[in-house]
2 protein chains.
Amino acid sequence: MSIEQRFMDYVKKMSAYNEALSVLYWDMRTGAPKKGLDRRSETVGVLSGELYRMSTSNELDQMLTQLEEQRDELSPLISKTVEVERKNYNLNSKIPEKEYEEYVVLLSKAESVWEEAKEKSDFAMFAPYLERIVETDKRFIEYWGIKDGNPYNTLLDQYEPGMTTEILDEVFADLRSKIVPLVKQIAESANKPDTDFLAKKFAKDQQEKFSHELLKQLGYDFDAGRLDETVHPFQITLNRGDVRITTKYDENDFRSAIFGTIHECGHALYEQNVSEELDGTPLSTGTSMGIHESQSLFYENFIGRNENFWIHNYHLLQQHSPEQFGNVELGDFIRAINESKPSLIRIDADELTYPLHIMIRYEIEKGLFNGNLQVADLPQIWNDKYEEYLGIRPESDGEGVLQDVHWSSGLFGYFPSYALGFLYAAQLKAAMLKDIPNFDDLCRSGDFAPILSWLTEKVHRHGKMKEPLEILQEATGEGLNAEHLVNHLRSKYEKVYQLN
Amino acid sequence: MSIEQRFMDYVKKMSAYNEALSVLYWDMRTGAPKKGLDRRSETVGVLSGELYRMSTSNELDQMLTQLEEQRDELSPLISKTVEVERKNYNLNSKIPEKEYEEYVVLLSKAESVWEEAKEKSDFAMFAPYLERIVETDKRFIEYWGIKDGNPYNTLLDQYEPGMTTEILDEVFADLRSKIVPLVKQIAESANKPDTDFLAKKFAKDQQEKFSHELLKQLGYDFDAGRLDETVHPFQITLNRGDVRITTKYDENDFRSAIFGTIHECGHALYEQNVSEELDGTPLSTGTSMGIHESQSLFYENFIGRNENFWIHNYHLLQQHSPEQFGNVELGDFIRAINESKPSLIRIDADELTYPLHIMIRYEIEKGLFNGNLQVADLPQIWNDKYEEYLGIRPESDGEGVLQDVHWSSGLFGYFPSYALGFLYAAQLKAAMLKDIPNFDDLCRSGDFAPILSWLTEKVHRHGKMKEPLEILQEATGEGLNAEHLVNHLRSKYEKVYQLN
């Protein structure tokens, strides 16, 4: 058997373990009975252990080395697979096993301490754990290699290959300088939308039916996926023909399920439309966190909150909850679902203020890894920044610096992806308009196929064959640029709040 | 690490693979999207392959040999685990790999040919495959070792350890001699139950609610399981804390879901109540096919079709389908659900005629492996036996010898378990009555806990620690005995058909 064949069989086997682990995960989130979870964790441990062993084995290292020596003769598919597996190999194998095991124990402890600390709004309780996590990550960064003399870049690159603080600093500064005044203008506007009807009861079974109808309209393939209910919505890929999403039905706030479903649908369309050629390789998935988020936010914000989408769907919505929407005009509905209001909690934030939540986290993370920021200073800095950017100040650390689980899980460098996704989405939308100038007409007539085709052509089909910034450049003709998102936000909120 | 510890860790790891494979299987049956199934099969292949490798490895063989040499010093748990794993090792490793692979290919082909042959009622089409399967199995039996000079015993022992044709011949002859006349008496009875109302519409969501209520009554622990819908009902154990069942809702025949659910509940109660000490070992499951079936049939026939059970539950049933049952007297309902009528299809058969279907298959299998029966003669023999035992003759092989999938899957020696289960159940019921003389009162008041406790004490908790006939002997004080089942069937049908 050729070395190429042997290598591709090896990665295919790893894909099988990944699929099995994904099924186990999905099952645990969608109704696995609680008494089975202890043993289930052991099963997950056994399979993860085997996958880890395979991804760090000498056998893999030797195959990679041999293939790297003949890189010029490899097909693009194999060549890229080698690159991705080498990166993964380095990530996993450069950390001494003992240190990694200690880190896993630390994180497991930290997460439960964080939960209690958040509950009690007691940052001091969590601080020693956070300090040890940051210290450990700093050491790990040295093992991995500091990128461009900048430790935080090493972390950024793990979620968004090619992304650097140099790029982010510039774009975030630009974005912030335009958003902050807009937030103030809105706060001072006298034309606030009426949102009372949003919280009226919308029966769960009707939300479920409506969610199914929307997914079909948007091109989600139910022969290659399914929709289930979970406490926290997510999208998960078992394989290209089995891309599942979940949503949360809140009878007192339909927005959770409807916009959640549309959001996860964007993720799922990405995964369902990766090129068939990449099946069974690590390339058969989205290229990065940020590009993935660009797809979910494209669908959520540029389609799902678009007036024309609702011209097509409002009647249907009214049928599913007639008492709630029967007497609400479409225009009032559009304004209400596009309300913007500074809030303390990131996951409840609207389109406009969301990027500011992200920037605060980004600046703090950068300070911890590149600067002189100390863990002990976090609450003060957090609160000051919220006051500066959003005009509101947390009264406790539970609704402030302790609100997100990410840091207790060692996820540093991850937050920027959320804002990047929105920036990418706005750029893709602007580029798409050149090819599909009748975008709004299509939304108005419920014909989303040309939009999906465009995204598949430019983004989805490539899977991990292209890097994030390569996709952005080829699809839009430029690098990261805040202008398009600023234009979108300005024009939307000027209309919603009648700012002119 | 001690050899015991190393061995128990090894079997625990195999349990983890088994659990993962069970989740994958359950997921494929309960709604995995069809486009993902090709890759899913590959994933199942990778994990099964790893499990097969572990169960036939030299490492395992060496550990077993070493432990067998010090058997007297082992704990009962480890000693029994060694015994079970050795049996499994021999089963898997005595067949030369090449021959086994050819067999797998043959079965895969045979199953699809069988499907078409059944559709077309064309036995000749399937015959060459069946011949090759039987030939191969005969060769495999020689590899495994012929038990008591009797090749078919080797197969029986794989599903029902300790069972032999000597025992079965005697008990089945006894049973048949009592059942056949009863079937004739019923056919001639003028007092047939009215069954028209059974086929009236029973809404699916109401069947589902009623199924949940019954499961709770019977002691099924929903914190350690869940109920889902599939085309063919089944019970599957992921681990002792995650024992799932499925049922099928037929709006035009509620019996499918209600009795199917009660049947699977019996299987599930067995698995949920295996002793905790056996967790993570191959002993943490039912001891045999037959004992398993005794539990499902105990619940289905001795509780679910018991008049007293319905005295407690009939009002509830009426609430769930008032139009169907509102004007039906309880007595008429009981008679209708206990109707007996000879039929050609095993899976549609009632309690009384079911064992006859099994005996026919048993006699044919025995003839193929121990006697002179040729595959080509099967249709003729099949039809003659149906006429002799049940008084009806199939008009085509599709509703005759081709009806069951088992033989195309190489499952010989498996059918007797179904009848054994019923025999065991009747014996257990008779023994239980000595300890719980108020069995009927408990059913009438819906208090099933003492019944479940008795079964757990005598059967469930032992898992595979005891052999089937050991459990039977200890619980009932005797070996296999048809008398108790005959008594049950006679007293039931004399009442339903007013035979006296």
# chains A, B, ... in the order shown; residues from 1 in each chain; ligands from 1
>>> interface_residues(of="chain A", to="chain B", cutoff="10 Å", atoms="only C-alpha atoms", output="ChimeraX atom specification")
/A:12-21,23-24,27,31-47,221-226,238-244,279-280
>>> write_last_selection(atoms="C-alpha atoms", output="short mmCIF file (atom, residue, chain, number, x, y, z; two decimals), in the first residue's frame")
data_model
loop_
_atom_site.label_atom_id
_atom_site.label_comp_id
_atom_site.auth_asym_id
_atom_site.auth_seq_id
_atom_site.Cartn_x
_atom_site.Cartn_y
_atom_site.Cartn_z
CA LYS A 12 -10.29 8.18 7.94
CA LYS A 13 -10.09 6.03 11.03
CA MET A 14 -9.64 9.16 13.12
CA SER A 15 -12.75 10.61 11.43
CA ALA A 16 -14.66 7.50 12.51
CA TYR A 17 -13.64 8.07 16.14
CA ASN A 18 -14.63 11.70 15.82
CA GLU A 19 -18.03 10.72 14.48
CA ALA A 20 -18.58 8.23 17.30
CA LEU A 21 -17.62 10.85 19.88
CA VAL A 23 -22.87 10.90 18.44
CA LEU A 24 -22.11 10.28 22.12
CA ASP A 27 -26.95 11.92 22.67
CA GLY A 31 -31.99 13.21 26.44
CA ALA A 32 -29.58 10.53 27.62
CA PRO A 33 -30.86 9.50 31.06
CA LYS A 34 -28.89 10.90 33.96
CA LYS A 35 -28.12 7.64 35.71
CA GLY A 36 -26.10 6.46 32.72
CA LEU A 37 -23.87 9.51 32.53
CA ASP A 38 -21.07 8.32 34.83
CA ARG A 39 -20.35 5.28 32.72
CA ARG A 40 -20.96 7.29 29.58
CA SER A 41 -18.15 9.62 30.59
CA GLU A 42 -15.85 6.64 30.86
CA THR A 43 -16.85 5.55 27.37
CA VAL A 44 -16.12 9.03 26.07
CA GLY A 45 -12.79 8.84 27.89
CA VAL A 46 -11.83 5.56 26.23
CA LEU A 47 -12.65 6.77 22.71
CA ASP A 221 -31.57 19.25 4.10
CA PHE A 222 -33.58 17.14 6.52
CA ASP A 223 -32.33 13.96 4.80
CA ALA A 224 -28.90 15.01 6.03
CA GLY A 225 -29.80 16.28 9.47
CA ARG A 226 -32.39 16.64 12.19
CA LEU A 238 -21.45 13.65 12.54
CA ASN A 239 -20.54 13.52 8.89
CA ARG A 240 -21.46 15.58 5.83
CA GLY A 241 -24.69 13.60 5.46
CA ASP A 242 -25.60 13.98 9.13
CA VAL A 243 -25.43 17.58 10.27
CA ARG A 244 -27.69 18.13 13.27
CA ASP A 279 -15.34 13.18 2.99
CA GLY A 280 -13.49 11.16 5.59
#
>>> residues_around(residues="B:Tyr249", least_positions_apart="4", cutoff="10 Å", atoms="only C-alpha atoms", output="PyMOL selection string")
chain B and resi 202-208+211+229-231+233+253-258+260-261
>>> residues_around(residues="stretch 127-134 of chain A", least_positions_apart="6", cutoff="9 Å", atoms="only C-alpha atoms", output="ChimeraX atom specification")
/A:103,106-107,109-110,113-114,368-369,374-376,407-410,412
>>> residues_around(residues="B:Ile334", least_positions_apart="2", cutoff="9 Å", atoms="only C-alpha atoms", output="list in words")
Arg305, Asn306, Glu307, Trp310, Glu329, Leu330, Gly331, Asp332, Ala336, Ile337, Asn338, Glu339 and Val496 of chain B
>>> write_last_selection(atoms="all heavy atoms", output="compact mmCIF listing (two decimals), in the first residue's frame")
# COMPACT_ATOMS: atom_id res chain seq x y z
N ARG B 305 -51.67 -9.13 30.05
CA ARG B 305 -52.92 -9.73 29.54
C ARG B 305 -53.76 -10.31 30.68
O ARG B 305 -54.71 -11.06 30.45
CB ARG B 305 -52.60 -10.80 28.50
CG ARG B 305 -51.95 -10.22 27.26
CD ARG B 305 -51.74 -11.29 26.19
NE ARG B 305 -50.81 -10.82 25.17
CZ ARG B 305 -51.16 -10.09 24.12
NH1 ARG B 305 -52.43 -9.75 23.93
NH2 ARG B 305 -50.25 -9.68 23.25
N ASN B 306 -53.39 -9.94 31.90
CA ASN B 306 -54.08 -10.42 33.09
C ASN B 306 -55.30 -9.53 33.35
O ASN B 306 -55.21 -8.30 33.32
CB ASN B 306 -53.08 -10.36 34.26
CG ASN B 306 -53.65 -10.83 35.57
OD1 ASN B 306 -54.80 -10.56 35.92
ND2 ASN B 306 -52.83 -11.56 36.32
N GLU B 307 -56.41 -10.18 33.61
CA GLU B 307 -57.67 -9.44 33.86
C GLU B 307 -57.51 -8.39 34.96
O GLU B 307 -58.01 -7.28 34.88
CB GLU B 307 -58.74 -10.46 34.26
CG GLU B 307 -60.10 -9.83 34.48
CD GLU B 307 -61.15 -10.91 34.76
OE1 GLU B 307 -60.80 -12.11 34.76
OE2 GLU B 307 -62.31 -10.52 34.99
N TRP B 310 -56.01 -5.11 34.09
CA TRP B 310 -56.93 -4.21 33.40
C TRP B 310 -58.05 -3.71 34.29
O TRP B 310 -58.64 -2.67 34.02
CB TRP B 310 -57.45 -4.88 32.12
CG TRP B 310 -56.34 -4.93 31.10
CD1 TRP B 310 -55.64 -6.03 30.70
CD2 TRP B 310 -55.78 -3.81 30.41
NE1 TRP B 310 -54.68 -5.67 29.79
CE2 TRP B 310 -54.74 -4.31 29.58
CE3 TRP B 310 -56.04 -2.44 30.39
CZ2 TRP B 310 -53.97 -3.49 28.75
CZ3 TRP B 310 -55.28 -1.61 29.56
CH2 TRP B 310 -54.26 -2.15 28.76
N GLU B 329 -67.37 -3.24 27.42
CA GLU B 329 -67.26 -3.76 28.79
C GLU B 329 -65.85 -4.32 29.02
O GLU B 329 -65.27 -4.91 28.11
CB GLU B 329 -68.26 -4.89 29.02
CG GLU B 329 -69.72 -4.48 28.93
CD GLU B 329 -70.15 -3.64 30.13
OE1 GLU B 329 -69.58 -3.85 31.22
OE2 GLU B 329 -71.01 -2.76 29.97
N LEU B 330 -65.38 -4.19 30.25
CA LEU B 330 -64.06 -4.71 30.57
C LEU B 330 -63.92 -6.20 30.20
O LEU B 330 -62.93 -6.63 29.62
CB LEU B 330 -63.77 -4.52 32.07
CG LEU B 330 -62.48 -5.16 32.59
CD1 LEU B 330 -61.26 -4.58 31.89
CD2 LEU B 330 -62.35 -4.98 34.10
N GLY B 331 -64.94 -6.99 30.52
CA GLY B 331 -64.89 -8.43 30.25
C GLY B 331 -64.70 -8.70 28.75
O GLY B 331 -63.93 -9.59 28.36
N ASP B 332 -65.38 -7.92 27.93
CA ASP B 332 -65.26 -8.11 26.48
C ASP B 332 -63.87 -7.70 26.00
O ASP B 332 -63.29 -8.30 25.09
CB ASP B 332 -66.32 -7.28 25.75
CG ASP B 332 -67.72 -7.80 26.05
OD1 ASP B 332 -67.84 -9.02 26.31
OD2 ASP B 332 -68.67 -7.00 26.05
N ALA B 336 -61.14 -10.05 24.13
CA ALA B 336 -60.64 -9.66 22.81
C ALA B 336 -59.10 -9.66 22.77
O ALA B 336 -58.50 -10.13 21.79
CB ALA B 336 -61.18 -8.29 22.43
N ILE B 337 -58.47 -9.14 23.83
CA ILE B 337 -57.00 -9.08 23.79
C ILE B 337 -56.39 -10.45 24.03
O ILE B 337 -55.18 -10.61 23.92
CB ILE B 337 -56.40 -8.04 24.78
CG1 ILE B 337 -56.75 -8.40 26.23
CG2 ILE B 337 -56.84 -6.63 24.45
CD1 ILE B 337 -55.95 -7.61 27.27
N ASN B 338 -57.21 -11.42 24.37
CA ASN B 338 -56.70 -12.79 24.56
C ASN B 338 -57.23 -13.74 23.49
O ASN B 338 -57.26 -14.95 23.69
CB ASN B 338 -57.04 -13.27 25.96
CG ASN B 338 -56.11 -12.66 27.01
OD1 ASN B 338 -54.90 -12.82 26.94
ND2 ASN B 338 -56.68 -11.92 27.95
N GLU B 339 -57.63 -13.17 22.37
CA GLU B 339 -58.09 -13.99 21.26
C GLU B 339 -56.98 -14.94 20.80
O GLU B 339 -55.80 -14.58 20.81
CB GLU B 339 -58.46 -13.07 20.10
CG GLU B 339 -59.07 -13.79 18.91
CD GLU B 339 -59.13 -12.90 17.66
OE1 GLU B 339 -58.32 -11.93 17.57
OE2 GLU B 339 -59.95 -13.18 16.78
N VAL B 496 -61.59 -17.72 28.37
CA VAL B 496 -61.86 -16.82 27.24
C VAL B 496 -62.87 -17.44 26.27
O VAL B 496 -63.77 -16.77 25.77
CB VAL B 496 -60.55 -16.48 26.49
CG1 VAL B 496 -60.84 -15.71 25.21
CG2 VAL B 496 -59.63 -15.67 27.39
>>> residues_around(residues="A:Ala449", least_positions_apart="5", cutoff="10 Å", atoms="only C-alpha atoms", output="VMD selection string")
chain A and resid 217 to 219 442 454 to 455
>>> select_by_dssp(residues="stretch 57-258 of chain B", states="strand (DSSP E)", output="ChimeraX atom specification")
/B:227-229,235-239,242-247
>>> closest_atom_pairs(of="stretch 346-457 of chain B", to="stretch 290-300 of chain B", cutoff="9 Å", atoms="only C-alpha atoms", output="Markdown table")
| residue | atom | partner | partner_atom | distance |
| --- | --- | --- | --- | --- |
| B:Pro416 | CA | B:Gly290 | CA | 8.0 |
| B:Ser417 | CA | B:Gly290 | CA | 4.3 |
| B:Tyr418 | CA | B:Gly290 | CA | 6.3 |
| B:Ala419 | CA | B:Gly290 | CA | 7.8 |
| B:Leu420 | CA | B:Gly290 | CA | 5.5 |
| B:Gly421 | CA | B:Ser294 | CA | 3.8 |
| B:Phe422 | CA | B:Ser294 | CA | 5.6 |
| B:Leu423 | CA | B:Ser294 | CA | 7.5 |
| B:Tyr424 | CA | B:Ser294 | CA | 5.6 |
| B:Ala425 | CA | B:Ser294 | CA | 4.6 |
| B:Ala426 | CA | B:Phe298 | CA | 7.5 |
| B:Leu428 | CA | B:Phe298 | CA | 8.4 |
| B:Lys429 | CA | B:Phe298 | CA | 7.6 |
| B:Leu455 | CA | B:Gln295 | CA | 8.4 |
>>> closest_residue(among="B:Phe415, B:Phe439, B:Phe234, B:Phe210", to="B:Phe302", atoms="only C-alpha atoms")
B:Phe439
>>> residues_around(residues="A:Lys466", least_positions_apart="4", cutoff="10 Å", atoms="only C-alpha atoms", output="JSON, numbers by chain")
{"A": [80, 283, 286, 287, 288, 459, 461, 462, 470, 471, 472]}
>>> write_last_selection(atoms="N, CA and C atoms", output="PDB file, in the first residue's frame")
ATOM      1  N   LYS A  80      -2.881  19.214   1.875  1.00  0.00           N
ATOM      2  CA  LYS A  80      -3.560  20.026   2.896  1.00  0.00           C
ATOM      3  C   LYS A  80      -3.865  19.177   4.137  1.00  0.00           C
ATOM      4  N   LEU A 283     -10.496  17.714   6.581  1.00  0.00           N
ATOM      5  CA  LEU A 283     -10.832  18.946   5.852  1.00  0.00           C
ATOM      6  C   LEU A 283     -12.335  19.091   5.656  1.00  0.00           C
ATOM      7  N   GLY A 286     -15.940  23.156   8.564  1.00  0.00           N
ATOM      8  CA  GLY A 286     -15.654  24.573   8.413  1.00  0.00           C
ATOM      9  C   GLY A 286     -14.190  24.886   8.697  1.00  0.00           C
ATOM     10  N   THR A 287     -13.681  25.930   8.046  1.00  0.00           N
ATOM     11  CA  THR A 287     -12.243  26.188   8.123  1.00  0.00           C
ATOM     12  C   THR A 287     -11.797  26.825   9.428  1.00  0.00           C
ATOM     13  N   SER A 288     -12.702  27.553  10.081  1.00  0.00           N
ATOM     14  CA  SER A 288     -12.328  28.208  11.348  1.00  0.00           C
ATOM     15  C   SER A 288     -13.585  28.594  12.097  1.00  0.00           C
ATOM     16  N   VAL A 459     -17.639  29.798  -0.069  1.00  0.00           N
ATOM     17  CA  VAL A 459     -17.206  29.433   1.287  1.00  0.00           C
ATOM     18  C   VAL A 459     -17.336  27.925   1.568  1.00  0.00           C
ATOM     19  N   ARG A 461     -18.049  24.928   0.141  1.00  0.00           N
ATOM     20  CA  ARG A 461     -17.472  23.743  -0.508  1.00  0.00           C
ATOM     21  C   ARG A 461     -15.996  23.545  -0.168  1.00  0.00           C
ATOM     22  N   HIS A 462     -15.302  24.627   0.149  1.00  0.00           N
ATOM     23  CA  HIS A 462     -13.856  24.515   0.373  1.00  0.00           C
ATOM     24  C   HIS A 462     -13.490  23.799   1.668  1.00  0.00           C
ATOM     25  N   GLU A 470      -7.893  33.613   3.313  1.00  0.00           N
ATOM     26  CA  GLU A 470      -7.853  33.281   1.891  1.00  0.00           C
ATOM     27  C   GLU A 470      -9.294  33.287   1.348  1.00  0.00           C
ATOM     28  N   ILE A 471     -10.181  32.691   2.083  1.00  0.00           N
ATOM     29  CA  ILE A 471     -11.595  32.686   1.679  1.00  0.00           C
ATOM     30  C   ILE A 471     -12.127  34.105   1.614  1.00  0.00           C
ATOM     31  N   LEU A 472     -11.821  34.879   2.633  1.00  0.00           N
ATOM     32  CA  LEU A 472     -12.309  36.259   2.668  1.00  0.00           C
ATOM     33  C   LEU A 472     -11.795  37.052   1.470  1.00  0.00           C
TER      34      LEU A 472
END
>>> residues_around(residues="B:Trp382", least_positions_apart="4", cutoff="9 Å", atoms="only C-alpha atoms", output="mmCIF file with C-alpha atoms, in the first residue's frame")
data_model
loop_
_atom_site.group_PDB
_atom_site.id
_atom_site.type_symbol
_atom_site.label_atom_id
_atom_site.label_comp_id
_atom_site.auth_asym_id
_atom_site.auth_seq_id
_atom_site.Cartn_x
_atom_site.Cartn_y
_atom_site.Cartn_z
ATOM 1 C CA ILE B 360 -41.590 -26.120 13.626
ATOM 2 C CA ARG B 361 -38.436 -24.047 13.216
ATOM 3 C CA ILE B 364 -36.276 -28.081 10.856
ATOM 4 C CA ASP B 377 -37.018 -29.996 1.125
ATOM 5 C CA LEU B 378 -37.741 -27.099 3.466
ATOM 6 C CA TYR B 386 -48.059 -25.961 9.695
ATOM 7 C CA GLU B 387 -50.940 -28.093 8.524
ATOM 8 C CA ARG B 393 -51.203 -24.338 5.135
ATOM 9 C CA PRO B 394 -49.227 -21.460 3.618
ATOM 10 C CA GLY B 400 -44.176 -19.729 4.810
ATOM 11 C CA VAL B 401 -40.573 -20.783 5.031
#
>>> atom_distance(atom1="atom CA of A:Asp404", atom2="atom CA of A:Ile95")
26.3 Å
>>> select_by_dssp(residues="stretch 28-162 of chain B", states="alpha helix (DSSP H)", output="ChimeraX atom specification")
/B:28-29,37-55,58-69,76-93,97-120,123-144,151-159
>>> atom_distance(atom1="atom CA of B:Met432", atom2="atom CA of B:Thr476")
8.2 Å
